[in-house]
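Engineer: The following block contains the structure, expressed as structure tokens.
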Amino acid sequence: MTEAQVGRSPFDPVRDVAFKKELVTLIPHLRAFARTLTGDPTAADDLAQDAMMKAWDARASFQLGTNMKAWTFMILRNQFYSEKRRSWRQSQLDQEAAERTLVAVDDPEAPVALDELRLSLAMLPPEQREALILVGAGGFAYEEAAEICGCAVGTVKSRVSRARRALQAILEAGAYDRDGGAAGDAMYAILADAERLSTLR
Amino acid sequence: MEDHRKGAAALDEARLRQQAIGVKLRQMFDEVVNEPVPDEFLDILRKAEKPSGER
């Protein structure tokens, strides 16, 4: 074996400290992304912890200074889909999680717009949902989202735009069926809420 | 002319709705980002860091 092949020592404490420091700052974002994928806080934290450990174990293959957020999101996403493939009951679980959310929304005090957005998001095809979350909420560029999802940039763009249109249609139709309330209420609640938020800024 | 104006207004309305959805999406995501991280996360990482610790 040549010197070059030996390369970096597997134990590099200084590098590990820098890696860990950055990884820790990403934990809240990993939790949020996991929550949107699983729809269930407990399952989401399990997923985020697994992804965090996978990232730690693979730290030698990460090039410091490149986009660690995109790299860890990719690990988390891969972990999610490989677990999902393993579990035949997953679609069943998704359904149960959605129903639990639905029950929680029955609370008249619950903030209306956010929960309805959550329910409507849950109705989107998963690949549209993740594309929209990454670009629309996670702050990723289309190129980064494409890398995370392992698809072409054009694919991400079209998924995001289809997701946006579908989400709006669902909200306007009231298709999530909250309590048989007037159709279109959710969209109005979201408009009003967004206006309130933007005046706070 | 009238149709033209109506079309433009509808476009504005659609844009407004998409913006509102965007604001809410970010709010939903940030709500979780801003939650305190459960201690478990740092505990697990700390344990993994110990090179000779038994796991």
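Note on naming: chains are A, B, ... as they come in the structure tokens, residues start from 1 per chain, ligands start from 1 in the order shown.
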Which residues are near region 40-52 of chain B? Cut-off 10 Å, only C-alpha atoms, ignore same chain within fewer than 6 positions. Put them as a list in words.

Structural biologist: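 Counting only the stated atoms, we get Phe11, Pro13, Asp16, Val17, Lys20, Leu23, Val24, Ile27, Asp45, Asp46, Ala48, Gln49, Asp50, Met52, Met53, Trp56 and Asp57 of chain A.
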
Engineer: Do me a favour and pick out the residues of chain A within 6 Å of chain B, using only C-alpha atoms, as a list in words.

Structural biologist: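 For chain A, the answer reads Pro28, His29, Ala32, Ala137, Leu191 and Ala194 of chain A.
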
Engineer: Quick check, in Å to one decimal: how far apart do CA of Ser120 (chain A) and CA of Arg35 (chain A) lie?

Structural biologist: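 Going from CA of Ser120 (chain A) over to CA of Arg35 (chain A), I get 14.8 Å.
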
Engineer: Counting only C-alpha atoms, what is within 9 Å of Glu144 (chain A), bar same-chain residues fewer than 3 positions away, as a compact mmCIF listing (two decimals) with all heavy atoms, in the first residue's frame?

Structural biologist:
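So around_31.txt came out as:
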# COMPACT_ATOMS: atom_id res chain seq x y z
N ALA A 70 -27.31 19.29 3.12
CA ALA A 70 -27.83 18.48 2.02
C ALA A 70 -27.40 17.01 2.17
O ALA A 70 -28.18 16.09 1.93
CB ALA A 70 -27.36 19.03 0.68
N LEU A 134 -38.54 20.46 0.76
CA LEU A 134 -37.11 20.80 0.64
C LEU A 134 -36.93 22.21 0.07
O LEU A 134 -36.15 23.00 0.59
CB LEU A 134 -36.39 19.78 -0.25
CG LEU A 134 -36.22 18.38 0.35
CD1 LEU A 134 -35.70 17.41 -0.71
CD2 LEU A 134 -35.27 18.42 1.55
N VAL A 135 -37.68 22.50 -0.99
CA VAL A 135 -37.51 23.79 -1.66
C VAL A 135 -38.30 24.89 -0.95
O VAL A 135 -37.80 25.99 -0.74
CB VAL A 135 -37.95 23.68 -3.14
CG1 VAL A 135 -37.96 25.04 -3.81
CG2 VAL A 135 -37.01 22.73 -3.89
N PHE A 140 -33.66 24.80 0.40
CA PHE A 140 -32.72 24.25 -0.58
C PHE A 140 -33.01 24.78 -1.98
O PHE A 140 -34.16 25.02 -2.34
CB PHE A 140 -32.82 22.72 -0.61
CG PHE A 140 -32.27 22.05 0.61
CD1 PHE A 140 -33.12 21.54 1.58
CD2 PHE A 140 -30.89 21.94 0.79
CE1 PHE A 140 -32.60 20.94 2.73
CE2 PHE A 140 -30.37 21.33 1.93
CZ PHE A 140 -31.23 20.83 2.89
N ALA A 141 -31.92 24.94 -2.74
CA ALA A 141 -32.07 25.28 -4.16
C ALA A 141 -32.56 24.03 -4.89
O ALA A 141 -32.42 22.91 -4.39
CB ALA A 141 -30.72 25.72 -4.72
N GLU A 147 -30.22 16.69 -5.79
CA GLU A 147 -29.15 15.83 -5.28
C GLU A 147 -29.66 14.98 -4.12
O GLU A 147 -29.39 13.78 -4.05
CB GLU A 147 -28.00 16.71 -4.84
CG GLU A 147 -26.66 16.02 -4.86
CD GLU A 147 -25.55 16.97 -4.43
OE1 GLU A 147 -25.51 18.10 -4.95
OE2 GLU A 147 -24.76 16.56 -3.58
N ILE A 148 -30.42 15.61 -3.23
CA ILE A 148 -30.95 14.90 -2.07
C ILE A 148 -31.88 13.77 -2.52
O ILE A 148 -31.84 12.66 -1.99
CB ILE A 148 -31.68 15.88 -1.12
CG1 ILE A 148 -30.68 16.83 -0.48
CG2 ILE A 148 -32.46 15.12 -0.04
CD1 ILE A 148 -31.32 18.01 0.23
N CYS A 149 -32.72 14.05 -3.47
CA CYS A 149 -33.72 13.07 -3.92
C CYS A 149 -33.17 12.12 -4.99
O CYS A 149 -33.86 11.18 -5.38
CB CYS A 149 -34.96 13.76 -4.48
SG CYS A 149 -35.76 14.83 -3.30
N VAL A 153 -32.84 17.88 -11.94
CA VAL A 153 -33.33 19.19 -11.48
C VAL A 153 -34.71 19.48 -12.07
O VAL A 153 -35.61 19.96 -11.36
CB VAL A 153 -32.34 20.31 -11.89
CG1 VAL A 153 -32.87 21.67 -11.46
CG2 VAL A 153 -30.97 20.06 -11.27

Engineer: Could you give me the residues within chain B that DSSP places in alpha helix (DSSP H), as a ChimeraX atom specification?

Structural biologist: /B:2-33,39-49

Engineer: With N, CA and C atoms retained, write the just-selected residues as a compact mmCIF listing (two decimals), in the first residue's frame.

Structural biologist:
# COMPACT_ATOMS: atom_id res chain seq x y z
N GLU B 2 -61.91 44.08 -20.65
CA GLU B 2 -62.44 43.67 -19.34
C GLU B 2 -61.91 42.30 -18.95
N ASP B 3 -61.95 41.37 -19.93
CA ASP B 3 -61.46 40.01 -19.69
C ASP B 3 -59.99 40.02 -19.31
N HIS B 4 -59.27 40.89 -19.95
CA HIS B 4 -57.84 41.01 -19.72
C HIS B 4 -57.57 41.37 -18.26
N ARG B 5 -58.33 42.36 -17.79
CA ARG B 5 -58.16 42.83 -16.42
C ARG B 5 -58.53 41.73 -15.43
N LYS B 6 -59.59 41.04 -15.74
CA LYS B 6 -60.03 39.95 -14.87
C LYS B 6 -58.96 38.87 -14.79
N GLY B 7 -58.37 38.59 -15.93
CA GLY B 7 -57.31 37.58 -15.99
C GLY B 7 -56.13 37.97 -15.11
N ALA B 8 -55.76 39.24 -15.20
CA ALA B 8 -54.64 39.73 -14.41
C ALA B 8 -54.95 39.66 -12.92
N ALA B 9 -56.17 40.00 -12.56
CA ALA B 9 -56.58 39.96 -11.16
C ALA B 9 -56.55 38.53 -10.64
N ALA B 10 -57.01 37.60 -11.47
CA ALA B 10 -57.02 36.19 -11.07
C ALA B 10 -55.60 35.69 -10.86
N LEU B 11 -54.70 36.17 -11.72
CA LEU B 11 -53.29 35.78 -11.62
C LEU B 11 -52.69 36.30 -10.32
N ASP B 12 -53.02 37.55 -9.99
CA ASP B 12 -52.55 38.14 -8.73
C ASP B 12 -53.07 37.33 -7.55
N GLU B 13 -54.33 36.97 -7.62
CA GLU B 13 -54.98 36.23 -6.55
C GLU B 13 -54.29 34.88 -6.36
N ALA B 14 -54.01 34.21 -7.48
CA ALA B 14 -53.35 32.91 -7.42
C ALA B 14 -51.96 33.04 -6.81
N ARG B 15 -51.27 34.12 -7.21
CA ARG B 15 -49.92 34.34 -6.68
C ARG B 15 -49.98 34.56 -5.17
N LEU B 16 -50.98 35.35 -4.77
CA LEU B 16 -51.15 35.65 -3.35
C LEU B 16 -51.39 34.36 -2.56
N ARG B 17 -52.21 33.50 -3.11
CA ARG B 17 -52.52 32.24 -2.42
C ARG B 17 -51.28 31.35 -2.31
N GLN B 18 -50.51 31.32 -3.38
CA GLN B 18 -49.29 30.51 -3.35
C GLN B 18 -48.30 31.08 -2.33
N GLN B 19 -48.23 32.40 -2.26
CA GLN B 19 -47.33 33.02 -1.28
C GLN B 19 -47.77 32.66 0.13
N ALA B 20 -49.08 32.70 0.34
CA ALA B 20 -49.61 32.39 1.67
C ALA B 20 -49.29 30.95 2.05
N ILE B 21 -49.44 30.05 1.10
CA ILE B 21 -49.12 28.65 1.37
C ILE B 21 -47.63 28.52 1.70
N GLY B 22 -46.81 29.24 0.96
CA GLY B 22 -45.36 29.21 1.21
C GLY B 22 -45.01 29.67 2.61
N VAL B 23 -45.66 30.75 3.04
CA VAL B 23 -45.41 31.28 4.38
C VAL B 23 -45.77 30.23 5.44
N LYS B 24 -46.93 29.59 5.23
CA LYS B 24 -47.38 28.59 6.20
C LYS B 24 -46.49 27.35 6.22
N LEU B 25 -46.03 26.97 5.03
CA LEU B 25 -45.12 25.81 4.95
C LEU B 25 -43.86 26.05 5.77
N ARG B 26 -43.29 27.23 5.56
CA ARG B 26 -42.07 27.56 6.30
C ARG B 26 -42.35 27.62 7.80
N GLN B 27 -43.52 28.16 8.14
CA GLN B 27 -43.87 28.27 9.56
C GLN B 27 -43.97 26.88 10.18
N MET B 28 -44.59 25.97 9.44
CA MET B 28 -44.77 24.60 9.92
C MET B 28 -43.41 23.93 10.15
N PHE B 29 -42.52 24.11 9.21
CA PHE B 29 -41.19 23.51 9.29
C PHE B 29 -40.39 24.15 10.44
N ASP B 30 -40.41 25.48 10.48
CA ASP B 30 -39.63 26.21 11.48
C ASP B 30 -40.11 25.93 12.90
N GLU B 31 -41.39 25.62 13.01
CA GLU B 31 -41.94 25.30 14.32
C GLU B 31 -41.17 24.13 14.93
N VAL B 32 -40.90 23.12 14.11
CA VAL B 32 -40.15 21.95 14.60
C VAL B 32 -38.68 22.31 14.78
N VAL B 33 -38.13 23.07 13.83
CA VAL B 33 -36.71 23.47 13.93
C VAL B 33 -36.47 24.20 15.26
N ASP B 39 -32.68 15.59 24.73
CA ASP B 39 -31.34 15.23 25.22
C ASP B 39 -30.80 13.96 24.58
N GLU B 40 -31.73 13.06 24.27
CA GLU B 40 -31.35 11.78 23.68
C GLU B 40 -30.36 11.92 22.53
N PHE B 41 -30.60 12.91 21.68
CA PHE B 41 -29.75 13.09 20.50
C PHE B 41 -28.29 13.28 20.89
N LEU B 42 -28.06 14.20 21.83
CA LEU B 42 -26.69 14.49 22.21
C LEU B 42 -26.09 13.34 23.01
N ASP B 43 -26.94 12.65 23.78
CA ASP B 43 -26.46 11.49 24.54
C ASP B 43 -25.92 10.41 23.60
N ILE B 44 -26.69 10.12 22.58
CA ILE B 44 -26.30 9.08 21.62
C ILE B 44 -25.00 9.45 20.92
N LEU B 45 -24.91 10.71 20.56
CA LEU B 45 -23.71 11.18 19.85
C LEU B 45 -22.49 11.09 20.77
N ARG B 46 -22.70 11.46 22.02
CA ARG B 46 -21.60 11.44 22.99
C ARG B 46 -21.08 10.01 23.17
N LYS B 47 -22.02 9.08 23.27
CA LYS B 47 -21.63 7.66 23.44
C LYS B 47 -20.86 7.16 22.23
N ALA B 48 -21.30 7.56 21.06
CA ALA B 48 -20.65 7.10 19.83
C ALA B 48 -19.25 7.65 19.69
N GLU B 49 -19.04 8.80 20.31
CA GLU B 49 -17.76 9.49 20.17
C GLU B 49 -16.63 8.77 20.89
